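J.: Here you go, one structure.
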2 protein chains.
Amino acid sequence: MATEAQTPARRRRQRGGDDAAPARKVNYRQLTNPFTPQTVFTQDRIEAIHATALRVLSELGLKVLLPEARKLYAQAGCIVDEDSQIVRIGQEVVEAALASAPRQFTLHGGDPSRDLDMALGTLAFQSGAGAPNCSDLLRGRRAGTLRDVEELTKLVQHFDAIQMLSPGVEPQDIPIHLRHYAFTRMQLSVSDKVPFVFSRGTPQALDAFEMIAEFRGLSEVEFRTQPHCYTIINTNSPRQIDIPMAQGLIDFARYGQPSVVTPFCLMGAMAPVTVAGAVTLSHAEALAGITLTQLARPGAPVCYGAFASNVDMKSGAPAFGTPEQVKASLAAGQLARLVGLPWRNAAGCAANTNDAQAAHETEISAWGALMSGASIVIHAAGWIEGGLTVSYEKFITDMEMVQVMAELCAATPCSDAEIGYDALAEVRPGGHFFGCAHTMERYATAFYEPLVADWTNFGTWTERGSLDANDRALGLWQQILADHKAPACATGDRVAALDGFIAKRTGEGGAPPAD
Amino acid sequence: MATEAQTPARRRRQRGGDDAAPARKVNYRQLTNPFTPQTVFTQDRIEAIHATALRVLSELGLKVLLPEARKLYAQAGCIVDEDSQIVRIGQEVVEAALASAPRQFTLHGGDPSRDLDMALGTLAFQSGAGAPNCSDLLRGRRAGTLRDVEELTKLVQHFDAIQMLSPGVEPQDIPIHLRHYAFTRMQLSVSDKVPFVFSRGTPQALDAFEMIAEFRGLSEVEFRTQPHCYTIINTNSPRQIDIPMAQGLIDFARYGQPSVVTPFCLMGAMAPVTVAGAVTLSHAEALAGITLTQLARPGAPVCYGAFASNVDMKSGAPAFGTPEQVKASLAAGQLARLVGLPWRNAAGCAANTNDAQAAHETEISAWGALMSGASIVIHAAGWIEGGLTVSYEKFITDMEMVQVMAELCAATPCSDAEIGYDALAEVRPGGHFFGCAHTMERYATAFYEPLVADWTNFGTWTERGSLDANDRALGLWQQILADHKAPACATGDRVAALDGFIAKRTGEGGAPPAD
């Protein structure tokens with residue numbers, strides 16, 4: 001194998017050249033999925049699933065706990081039974097909603113370079129989200145705090161290949177009537193990426209909208225014109241939408257902000273035991289949610305969503321990275337393309353520590369999402385224990401995967417110069433390409449530079465302390481946090497204005513979440 | 001989340017039913033890749049690469065160290081310079097070879113259920129191969145012995161999702177003039193899968209052919225009629241074929257046994273620094289090797305091969321699981337489809353221990369192979385340190401990935417019954433599907449059962465000793481070895497006959513490898 005003496009970097013140094021290699025630049029901020037979406041079912045069976053989902057909505061209906069939502073459905077001609085709270089949604093209502101939902105919209109970040117197009121074919125990653133706990137090798141496993149979610153948001157801010165913020169861990173040290181203030185302030189002050197807003201009732205949502213609008217210098221009218229944040233709506237499978245979720249669908253639509261409508265369907269538990277059945281239920285619930293957004297405001301931005309995996313039928317424990325999850329993702333992608341909307345899928349991992357199981361489960365489910373053509377892949381970094389914990393070290397090791405996937409989105413040059421007949425002619429049989437002109441011109445920027453991978457040989461690796469990927473990840477996230485700088489948009493004045501808003505609203509009693 | 005009390009297995013036990021669940025049966029032995037092969041270059045650029053490779057062969061040529069091989073090329077009209085040993089191969093010679101190489105052939109195992117079709121679209125996995133060392137948590141890292149490679153072959157035999165044997169580790173405790181006897185006897189006595197034969201000179205190859213033919217009760221003529229084993233030929237990139245490799249291409253072709261012609265091209269080292277250039281070199285060398293097989297015997301079975309990754313340009317160390325490896329795999333698949341032959345690709349991993357880096361690198365490169373439409377994915381389980389070591393624990397943890405990929409090859413039912421409208425109607429909003437008829441009929445066989453994944457919750461996992469995937473893998477491989485039974489075809493008489501052959505040939509002095 002080649003030795004250090006042979007490499008171009010060494011050669012350049014020997015020649016007295018500048019050792020500072022030209023920086024390699026790849027745009028990870030706006031990605032287009034390079035792969036042809038793959039399928040698991042034939043098109044006629046996808047149409048059968050769609051037809052069955054429409055039949056579920058019109059004949060069985062779903063339970064909608066929020067009176068305002070039932071009223072919107074009823075005004076559109078849906079059959080509403082107020083006693084049972086069951087809403088039966090006719091096919092024509094769903095079809096009208098699908099016709100008015102935009103095929104494309106742009107999510108705005110705190111800096112224009114962070115703006116994200118959302119459509120079929122675009123690709124964005126999110127880190128592990130919604131966990132009550134976090135863990136790292138320094139401080140162990142613990143209930144999430146504001147400090148933890150701030151640290152995780154700083155890590156996200158560092159990596160361009162994660163394009164959207166998400167609620168990494170729940171800041172349980174902040175009282176629930178004030179939590180949304182602290183969480184929104186934290187996001188805006190440490191990151192210029194598209195922020196996330198919880199759907200926990202109208203007062204909290206409107207507070208967050210006001211904070212974002214004020215921070216970005218937008219009037220309410222301006223704010224409503226374009227998406228500046230997003231929320232995630234999980235239905236209560238099977239066939240139920242609770243009060244905060246329904247309220248979120250309505251509020252976000254009215255304010256022109258997108259909901260990502262994602263039934264979380266575990267096959268064999270809250271969904272049928274078959275891939276086909278679980279996807280049918282998921283599709284019906286997503287259509288019901290999307291419909292509600294369009295009834296609240298026709299043309300409101302909205303994402304289709306699907307997150308289906310299976311349980312272990314021996315214990316009932318949720319499982320991720322399974323073949324069933326991949327197949328459900330492929331089917332969901334087919335259904336998203338049938339309705340034509342940008343859509344969200346998810347990676348997942350049920351391991352209890354960042355080991356080979358954890359890496360495998362996240363990776364195989366992320367590949368499922370990638371091959372399914374998902375516009376957003378959530379839980380792509382850091383998610384363990386089926387979402388109960390976000391691991392700092394797993395965040396880092398997963399980022400290697402996310403960055404490699406982002407690299408795959410970049411075009412690969414293949415000009416005659418790249419093919420390099422002259423280089424092939426220059427190097428003798430059995431020789432090497434380290435020093436040829438073709439290599440010298442390109443070596444500094446030719447390859448992806450790994451984040452956490454250690455490619456030294458076994459002897460060197462052992463001499464240096466046999467550090468595994470977790471050990472190295474521990475050092476990396478600490479360094480990233482130490483190096484964090486606030487984004488340009490988070491000026492002192494703007495953050496002070498947020499603090500003023502929070503002080504005022506806190507004095508007024510804050511805003512408790514909806515039940 | 002669901003509790004044990006709610007699951008169908010528990011329900012069945014409560015009803016006094018038989019707890020022995022019906023066995024889930026999925027055929028992992030013959031796989032068809034379910035995905036549309038993906039591309040990295042446009043078709044006109046693939047044709048440009050092919051044209052450039054033909055130009056490399058006809059204008060630059062390659063160095064062929066074996067006189068017999070140069071003679072075969074010369075007889076076909078190639079321009080041979082005996083001083084420089086450079087052979088220039090005209091386009092028409094390559095095209096005639098591609099026309100005579102079969103598009104499909106069947107590799108025969110020791111049992112008909114192990115037979116493997118080789119063609120574009122079929123899929124087979126091999127475990128990590130060709131390593132000098134092995135390691136496990138029980139005995140540490142060590143130079144490979146016959147015992148080690150026998151244990152690894154027993155592990156391969158256990159898993160249907162690895163369809164072909166490969167030389168896991170080199171049995172360095174056996175003298176090199178006798179090693180092929182011990183290795184071939186070992187393979188035939190512990191496995192009924194397609195065996196591997198080293199290309200280390202004619203005497204060793206013919207010894208192995210004779211052992212396999214005798215073991216399977218075949219005359220030499222019968223043996224030559226069908227593939228009963230295979231070899232792997234690595235060219236000496238760039239543009240060189242050494243004596244044992246050239247001899248292997250000739251011998252295997254004459255005996256009707258397939259060579260897998262695989263240039264091992266590390267971008268920036270033995271190959272150009274660009275994906276396009278490395279793939280061009282690899283393609284030229286593969287075509288040269290394939291051509292030699294067809295000159296030795298037109299119609300001989302042969303596989304196209306490609307294994308290209310990059311080096312770390314700072315240190316020259318080989319890297320695997322990189323975006324460049326995935327892109328080169330995609331390009332190689334396009335070239336394999338251009339020439340129409342079954343082809344081999346590879347996973348890879350440069351980690352020094354079975355950590356998250358190791359899992360990620362193997363997984364992302366295996367996905368590259370899968371999406372490239374490779375017929376054989378070698379190094380899919382156990383390979384670490386860039387091929388210097390096979391890890392027993394990584395073999396097990398990678399098998400989870402391989403089995404999930406094999407599951408993805410199985411058709412997913414999507415009848416109206418699977419969609420399950422009645423089940424959706426049976427379960428009330430907010431309820432669960434654990435007990436419904438649709439679930440009860442299917443639960444025992446609905447899902448892939450994990451090999452090494454632990455899906456218990458954090459509390460239970462901690463109580464049970466916080467075992468990570470490596471700890472569990474250690475127990476699994478030990479149990480598999482303890483449970484090993486010789487395959488039906490390895491009768492005492494047949495193994496005794498092998499021993500007799502080996503004693504006779506050992507007495508005659510064995511067969512040293514070719515230089």
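Order determines the names: the first chain of the structure tokens is A, the second B, and so forth; residues in each chain are numbered 1 upward, and ligands are numbered 1 upward as they are shown.
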Residues near Val279 in chain A, anyone? I mean within 12 Å using only C-alpha atoms, not counting same-chain ones fewer than 5 positions away, as a PyMOL selection string.
T.: (chain A and resi 40-41+45-46+48-50+52-53+237-238+262-267+270-274+284-287+305-310+324-336) or (chain B and resi 414+418-421+424)
J.: Take the residues from that selection and write them out as a short mmCIF file (atom, residue, chain, number, x, y, z; two decimals), in the first residue's frame, keeping N, CA and C atoms.
T.:
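Below is the file that was written, out23.cif:
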```cif
data_model
loop_
_atom_site.label_atom_id
_atom_site.label_comp_id
_atom_site.auth_asym_id
_atom_site.auth_seq_id
_atom_site.Cartn_x
_atom_site.Cartn_y
_atom_site.Cartn_z
N VAL A 40 -42.53 -0.97 -4.44
CA VAL A 40 -42.73 -2.30 -3.84
C VAL A 40 -44.02 -2.94 -4.36
N PHE A 41 -44.98 -2.13 -4.75
CA PHE A 41 -46.24 -2.65 -5.28
C PHE A 41 -46.44 -2.19 -6.73
N ARG A 45 -52.03 -1.88 -7.78
CA ARG A 45 -52.27 -2.14 -6.35
C ARG A 45 -52.13 -0.85 -5.53
N ILE A 46 -51.26 0.05 -5.97
CA ILE A 46 -51.18 1.35 -5.30
C ILE A 46 -52.52 2.08 -5.47
N ALA A 48 -55.33 0.59 -5.82
CA ALA A 48 -56.28 -0.12 -4.95
C ALA A 48 -56.15 0.35 -3.50
N ILE A 49 -54.92 0.59 -3.06
CA ILE A 49 -54.71 1.11 -1.70
C ILE A 49 -55.32 2.50 -1.58
N HIS A 50 -55.09 3.33 -2.58
CA HIS A 50 -55.68 4.68 -2.56
C HIS A 50 -57.21 4.60 -2.51
N THR A 52 -59.02 2.13 -1.40
CA THR A 52 -59.45 1.61 -0.09
C THR A 52 -59.34 2.70 0.97
N ALA A 53 -58.30 3.50 0.91
CA ALA A 53 -58.15 4.60 1.88
C ALA A 53 -59.31 5.58 1.74
N SER A 237 -53.16 7.07 15.42
CA SER A 237 -53.60 5.88 14.70
C SER A 237 -54.14 4.84 15.68
N PRO A 238 -55.16 4.08 15.31
CA PRO A 238 -55.87 4.20 14.04
C PRO A 238 -57.03 5.21 14.09
N THR A 262 -48.08 13.22 9.45
CA THR A 262 -47.40 11.93 9.49
C THR A 262 -48.06 10.97 10.46
N PRO A 263 -48.93 10.10 9.97
CA PRO A 263 -49.39 9.00 10.82
C PRO A 263 -48.18 8.14 11.21
N PHE A 264 -48.10 7.74 12.47
CA PHE A 264 -47.03 6.85 12.92
C PHE A 264 -47.68 5.48 13.10
N CYS A 265 -47.49 4.61 12.14
CA CYS A 265 -48.24 3.35 12.08
C CYS A 265 -47.31 2.17 12.34
N LEU A 266 -47.46 1.55 13.49
CA LEU A 266 -46.69 0.35 13.79
C LEU A 266 -47.51 -0.88 13.41
N MET A 267 -47.05 -1.57 12.39
CA MET A 267 -47.77 -2.75 11.91
C MET A 267 -47.93 -3.77 13.03
N MET A 270 -50.83 -0.40 16.25
CA MET A 270 -51.82 0.62 15.91
C MET A 270 -52.21 0.58 14.44
N ALA A 271 -51.66 -0.39 13.71
CA ALA A 271 -51.97 -0.52 12.29
C ALA A 271 -52.04 -2.02 11.95
N PRO A 272 -52.67 -2.34 10.83
CA PRO A 272 -52.73 -3.75 10.44
C PRO A 272 -51.33 -4.39 10.36
N VAL A 273 -51.30 -5.69 10.48
CA VAL A 273 -50.05 -6.43 10.56
C VAL A 273 -49.36 -6.53 9.20
N THR A 274 -50.06 -6.18 8.14
CA THR A 274 -49.48 -6.27 6.79
C THR A 274 -48.95 -4.90 6.35
N ALA A 284 -54.89 6.90 4.52
CA ALA A 284 -56.20 7.47 4.84
C ALA A 284 -56.05 8.60 5.85
N GLU A 285 -55.26 8.38 6.87
CA GLU A 285 -55.11 9.40 7.91
C GLU A 285 -54.37 10.64 7.37
N ALA A 286 -53.36 10.40 6.54
CA ALA A 286 -52.65 11.54 5.95
C ALA A 286 -53.59 12.35 5.08
N LEU A 287 -54.42 11.66 4.29
CA LEU A 287 -55.37 12.39 3.44
C LEU A 287 -56.36 13.19 4.28
N GLY A 305 -47.04 12.67 4.77
CA GLY A 305 -46.06 12.00 5.61
C GLY A 305 -46.40 10.56 5.85
N ALA A 306 -45.39 9.75 6.08
CA ALA A 306 -45.58 8.34 6.41
C ALA A 306 -44.40 7.87 7.24
N PHE A 307 -44.71 7.22 8.34
CA PHE A 307 -43.67 6.62 9.18
C PHE A 307 -44.27 5.32 9.69
N ALA A 308 -44.04 4.26 8.96
CA ALA A 308 -44.61 2.96 9.32
C ALA A 308 -43.49 1.95 9.53
N SER A 309 -43.53 1.30 10.66
CA SER A 309 -42.63 0.16 10.89
C SER A 309 -43.45 -0.91 11.58
N ASN A 310 -42.81 -1.91 12.12
CA ASN A 310 -43.56 -2.99 12.75
C ASN A 310 -43.15 -3.14 14.21
N GLU A 324 -39.76 -4.67 6.76
CA GLU A 324 -41.14 -4.19 6.66
C GLU A 324 -41.17 -2.66 6.65
N GLN A 325 -40.30 -2.02 7.44
CA GLN A 325 -40.25 -0.55 7.40
C GLN A 325 -39.83 -0.07 6.01
N VAL A 326 -38.80 -0.69 5.45
CA VAL A 326 -38.33 -0.28 4.12
C VAL A 326 -39.45 -0.45 3.10
N LYS A 327 -40.15 -1.59 3.16
CA LYS A 327 -41.21 -1.83 2.18
C LYS A 327 -42.35 -0.82 2.34
N ALA A 328 -42.68 -0.50 3.60
CA ALA A 328 -43.74 0.49 3.82
C ALA A 328 -43.31 1.86 3.30
N SER A 329 -42.03 2.18 3.46
CA SER A 329 -41.54 3.46 2.94
C SER A 329 -41.66 3.51 1.42
N LEU A 330 -41.30 2.40 0.77
CA LEU A 330 -41.40 2.36 -0.70
C LEU A 330 -42.85 2.55 -1.14
N ALA A 331 -43.77 1.89 -0.43
CA ALA A 331 -45.19 2.02 -0.78
C ALA A 331 -45.68 3.44 -0.54
N ALA A 332 -45.26 4.02 0.58
CA ALA A 332 -45.68 5.39 0.89
C ALA A 332 -45.18 6.36 -0.17
N GLY A 333 -43.97 6.13 -0.66
CA GLY A 333 -43.45 6.99 -1.72
C GLY A 333 -44.31 6.89 -2.98
N GLN A 334 -44.74 5.68 -3.27
CA GLN A 334 -45.62 5.51 -4.44
C GLN A 334 -46.93 6.29 -4.25
N LEU A 335 -47.45 6.25 -3.03
CA LEU A 335 -48.71 6.96 -2.75
C LEU A 335 -48.49 8.48 -2.77
N ALA A 336 -47.34 8.92 -2.26
CA ALA A 336 -47.05 10.37 -2.30
C ALA A 336 -46.97 10.85 -3.74
N CYS B 414 -50.03 -8.03 -1.68
CA CYS B 414 -50.87 -6.82 -1.66
C CYS B 414 -52.25 -7.11 -2.22
N GLU B 418 -54.85 -8.58 2.05
CA GLU B 418 -53.71 -7.98 2.75
C GLU B 418 -53.98 -6.53 3.10
N ILE B 419 -54.61 -5.82 2.17
CA ILE B 419 -54.97 -4.42 2.44
C ILE B 419 -55.90 -4.37 3.64
N GLY B 420 -56.83 -5.32 3.69
CA GLY B 420 -57.55 -5.56 4.94
C GLY B 420 -58.58 -4.52 5.33
N TYR B 421 -59.47 -4.18 4.42
CA TYR B 421 -60.53 -3.22 4.77
C TYR B 421 -61.32 -3.68 6.00
N LEU B 424 -59.57 -2.89 9.12
CA LEU B 424 -59.65 -1.45 9.39
C LEU B 424 -61.01 -1.09 9.96
#
```
J.: If the cut-off is 6 Å, can you tell me the residues of chain B near chain A, counting only C-alpha atoms? I'd like them as JSON, numbers by chain.
T.: {"B": [2, 3, 4, 237, 238, 239, 240, 268, 269, 270, 272, 273, 276, 277, 315, 316, 323, 350, 352, 355, 356, 357, 359, 404, 414, 418, 419, 420, 429, 430, 432, 433, 434, 439, 453, 455, 458, 469]}
J.: Okay, now the selection with C-alpha atoms, as a PDB file, in the first residue's frame?
T.:
```
ATOM      1  CA  ALA B   2     -48.111  -2.512  23.859  1.00  0.00           C
ATOM      2  CA  THR B   3     -47.414  -4.898  26.674  1.00  0.00           C
ATOM      3  CA  GLU B   4     -46.785  -8.613  26.569  1.00  0.00           C
ATOM      4  CA  SER B 237      -3.802  -2.459 -11.645  1.00  0.00           C
ATOM      5  CA  PRO B 238      -2.852  -0.491 -13.563  1.00  0.00           C
ATOM      6  CA  ARG B 239      -2.734  -2.487 -16.793  1.00  0.00           C
ATOM      7  CA  GLN B 240      -1.036  -5.667 -15.696  1.00  0.00           C
ATOM      8  CA  GLY B 268      -5.648   8.165  -6.620  1.00  0.00           C
ATOM      9  CA  ALA B 269      -3.298   5.190  -6.089  1.00  0.00           C
ATOM     10  CA  MET B 270      -3.406   2.315  -8.608  1.00  0.00           C
ATOM     11  CA  PRO B 272      -6.865   7.667 -11.673  1.00  0.00           C
ATOM     12  CA  VAL B 273      -8.104  10.029  -8.993  1.00  0.00           C
ATOM     13  CA  ALA B 276     -14.643   8.262 -14.386  1.00  0.00           C
ATOM     14  CA  GLY B 277     -10.950   7.476 -14.831  1.00  0.00           C
ATOM     15  CA  SER B 315      -1.996   9.202   3.966  1.00  0.00           C
ATOM     16  CA  GLY B 316      -2.530   6.929   0.976  1.00  0.00           C
ATOM     17  CA  PRO B 323     -19.375   8.320  -1.826  1.00  0.00           C
ATOM     18  CA  ALA B 350     -11.683   0.288   6.677  1.00  0.00           C
ATOM     19  CA  ASN B 352     -10.291  -1.276  12.860  1.00  0.00           C
ATOM     20  CA  ASP B 355     -18.111  -0.001  15.665  1.00  0.00           C
ATOM     21  CA  ALA B 356     -20.525   2.461  14.077  1.00  0.00           C
ATOM     22  CA  GLN B 357     -17.916   3.350  11.434  1.00  0.00           C
ATOM     23  CA  ALA B 359     -21.344  -0.826  10.216  1.00  0.00           C
ATOM     24  CA  VAL B 404     -32.779  -7.637   5.533  1.00  0.00           C
ATOM     25  CA  CYS B 414     -50.871  -6.818  -1.655  1.00  0.00           C
ATOM     26  CA  GLU B 418     -53.706  -7.980   2.755  1.00  0.00           C
ATOM     27  CA  ILE B 419     -54.968  -4.420   2.435  1.00  0.00           C
ATOM     28  CA  GLY B 420     -57.553  -5.560   4.936  1.00  0.00           C
ATOM     29  CA  PRO B 429     -60.517   4.704  16.390  1.00  0.00           C
ATOM     30  CA  GLY B 430     -57.628   4.867  18.851  1.00  0.00           C
ATOM     31  CA  HIS B 432     -55.169  -1.516  18.366  1.00  0.00           C
ATOM     32  CA  PHE B 433     -54.831  -4.414  15.956  1.00  0.00           C
ATOM     33  CA  PHE B 434     -53.191  -6.947  18.288  1.00  0.00           C
ATOM     34  CA  THR B 439     -53.535 -10.024  12.760  1.00  0.00           C
ATOM     35  CA  ALA B 453     -30.982  -6.838  17.141  1.00  0.00           C
ATOM     36  CA  TRP B 455     -35.537  -4.497  20.731  1.00  0.00           C
ATOM     37  CA  PHE B 458     -33.692   0.526  27.928  1.00  0.00           C
ATOM     38  CA  ALA B 469     -24.412  -5.929  19.444  1.00  0.00           C
TER      39      ALA B 469
END
```
J.: Mind giving me the straight-line distance from CA of Asp192 in chain B to CA of Arg29 in chain B in Å, one decimal?
T.: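 These two atoms are separated by 12.0 Å.
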J.: With only C-alpha atoms as the counted atoms, please give the residues lying no more than 8 Å from Pro195 in chain A, apart from itself and same-chain residues fewer than 3 positions off, as a list in words.
T.: Gly109, Met164, Leu165, Ser166, Thr184, Gln187, Leu188, His228, Cys229 and Tyr230 of chain A
J.: Separation of CA of Thr293 in chain B and CA of Pro132 in chain B, in Å?
T.: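 About the pair CA of Thr293 in chain B and CA of Pro132 in chain B: they are 28.3 Å apart.
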J.: Would you mind telling me which residue in B:Ala490, B:Ala296, B:Leu137, B:Ala346 lies nearest to Arg472 in chain B when using only C-alpha atoms?
T.: B:Leu137
J.: Taking the chain letters and numbering used in this document, name the residues of range 353-469 of chain B that DSSP puts in strand (DSSP E or B), as a compact mmCIF listing (two decimals) with N, CA and C atoms, in the first residue's frame.
T.:
```txt
# COMPACT_ATOMS: atom_id res chain seq x y z
N ILE B 376 -23.20 -10.35 -7.69
CA ILE B 376 -22.50 -10.85 -6.49
C ILE B 376 -22.01 -9.64 -5.69
N VAL B 377 -22.31 -9.65 -4.39
CA VAL B 377 -21.80 -8.62 -3.48
C VAL B 377 -20.85 -9.31 -2.51
N ILE B 378 -19.56 -9.14 -2.76
CA ILE B 378 -18.57 -9.79 -1.90
C ILE B 378 -18.26 -8.88 -0.71
N TRP B 383 -15.89 -8.18 7.01
CA TRP B 383 -14.65 -7.58 6.50
C TRP B 383 -14.34 -6.29 7.24
N ILE B 384 -13.17 -6.19 7.87
CA ILE B 384 -12.74 -4.92 8.48
C ILE B 384 -11.30 -4.63 8.07
N THR B 389 -8.51 -8.13 7.93
CA THR B 389 -9.05 -8.97 9.00
C THR B 389 -10.53 -9.28 8.74
N VAL B 390 -10.91 -10.51 9.06
CA VAL B 390 -12.34 -10.83 9.14
C VAL B 390 -12.69 -10.97 10.62
N SER B 391 -13.71 -10.22 11.02
CA SER B 391 -14.17 -10.23 12.41
C SER B 391 -15.38 -11.14 12.53
```
J.: What's the separation between CA of Ser127 in chain A and CA of Pro203 in chain A, in Å to one decimal place?
T.: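 Spanning CA of Ser127 in chain A to CA of Pro203 in chain A is a straight-line distance of 26.8 Å.
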J.: Which of range 57-235 of chain A counts as helix (DSSP H, G or I) under DSSP, as a PyMOL selection string please?
T.: chain A and resi 57-60+67-75+91-100+112-114+146-158+179-190+202-215+220-225
J.: Can you write out the residues you just picked, keeping C-alpha atoms, as a compact mmCIF listing (two decimals), in the first residue's frame?
T.:
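Just written: out20.txt:
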```txt
# COMPACT_ATOMS: atom_id res chain seq x y z
CA LEU A 57 -62.56 7.83 4.98
CA SER A 58 -66.02 7.88 3.43
CA GLU A 59 -67.52 4.73 5.00
CA LEU A 60 -65.72 4.27 8.31
CA PRO A 67 -65.20 20.67 17.45
CA GLU A 68 -63.77 23.38 15.16
CA ALA A 69 -62.28 20.72 12.91
CA ARG A 70 -65.55 18.76 12.76
CA LYS A 71 -67.28 21.98 11.80
CA LEU A 72 -64.84 22.60 8.93
CA TYR A 73 -65.35 19.06 7.67
CA ALA A 74 -69.13 19.42 7.98
CA GLN A 75 -69.13 22.72 6.08
CA GLN A 91 -63.95 11.24 -2.00
CA GLU A 92 -64.76 14.55 -3.67
CA VAL A 93 -63.73 16.48 -0.57
CA VAL A 94 -60.38 14.70 -0.47
CA GLU A 95 -59.87 15.23 -4.18
CA ALA A 96 -60.63 18.92 -3.93
CA ALA A 97 -58.07 19.22 -1.12
CA LEU A 98 -55.44 17.38 -3.15
CA ALA A 99 -56.15 19.72 -6.04
CA SER A 100 -55.67 22.86 -3.94
CA PRO A 112 -31.58 32.99 2.20
CA SER A 113 -28.88 30.33 1.76
CA ARG A 114 -30.94 28.17 4.12
CA LEU A 146 -33.16 23.32 27.41
CA ARG A 147 -29.38 23.13 27.54
CA ASP A 148 -29.47 19.72 25.85
CA VAL A 149 -31.77 20.75 23.03
CA GLU A 150 -29.71 23.90 22.56
CA GLU A 151 -26.56 21.82 22.26
CA LEU A 152 -28.21 19.47 19.78
CA THR A 153 -29.45 22.46 17.78
CA LYS A 154 -25.92 23.84 17.69
CA LEU A 155 -24.71 20.50 16.37
CA VAL A 156 -27.41 20.61 13.68
CA GLN A 157 -26.43 24.18 12.82
CA HIS A 158 -22.85 23.02 12.25
CA ARG A 179 -41.51 26.00 27.11
CA HIS A 180 -42.41 27.19 23.61
CA TYR A 181 -40.89 30.60 24.31
CA ALA A 182 -37.60 29.13 25.44
CA PHE A 183 -37.54 26.61 22.60
CA THR A 184 -38.30 29.16 19.88
CA ARG A 185 -35.80 31.67 21.27
CA MET A 186 -33.17 28.96 21.44
CA GLN A 187 -33.70 27.92 17.79
CA LEU A 188 -33.62 31.48 16.46
CA SER A 189 -30.56 32.48 18.45
CA VAL A 190 -28.31 29.50 17.63
CA THR A 202 -53.39 27.97 19.25
CA PRO A 203 -51.89 30.29 21.88
CA GLN A 204 -48.49 28.57 21.75
CA ALA A 205 -48.46 28.41 17.94
CA LEU A 206 -49.37 32.08 17.58
CA ASP A 207 -46.73 33.05 20.14
CA ALA A 208 -44.10 31.20 18.12
CA PHE A 209 -45.31 32.73 14.84
CA GLU A 210 -45.10 36.18 16.38
CA MET A 211 -41.57 35.56 17.68
CA ILE A 212 -40.38 34.33 14.26
CA ALA A 213 -42.05 37.19 12.39
CA GLU A 214 -40.63 39.79 14.75
CA PHE A 215 -37.16 38.22 14.65
CA GLU A 220 -48.09 39.37 10.15
CA VAL A 221 -49.29 39.68 6.55
CA GLU A 222 -45.79 39.12 5.23
CA PHE A 223 -45.32 36.18 7.55
CA ARG A 224 -48.51 34.53 6.33
CA THR A 225 -47.46 34.91 2.69
```
J.: I need the residue nearest Ala288 in chain A from this list: A:Leu498, A:Leu474, A:Ile233, A:Val194. Use only C-alpha atoms for the distance.
T.: A:Ile233
J.: With only C-alpha atoms as the counted atoms, please give the residues lying no more than 9 Å from Leu178 in chain B, apart from itself and same-chain residues fewer than 4 positions off, as a CSV table (one decimal) with C-alpha atoms, in the first residue's frame.
T.:
```csv
chain,number,residue,atom,x,y,z
B,174,ILE,CA,-0.8,-25.0,6.4
B,182,ALA,CA,-6.8,-28.6,3.2
B,183,PHE,CA,-8.9,-25.6,2.1
B,204,GLN,CA,-3.3,-26.4,-7.5
B,502,ILE,CA,-4.7,-35.7,-0.2
B,505,ARG,CA,-0.7,-36.1,-3.5
B,506,THR,CA,1.0,-35.1,-0.4
B,509,GLY,CA,5.2,-33.6,-3.0
B,510,GLY,CA,2.0,-31.6,-3.2
B,511,ALA,CA,1.8,-28.6,-5.5
B,512,PRO,CA,3.5,-25.3,-4.8
```
J.: Between B:Leu341, B:Ile290, B:Ala514, B:Ile89, single out the one closest to Ala76 in chain B, counting only C-alpha atoms.
T.: B:Ile89
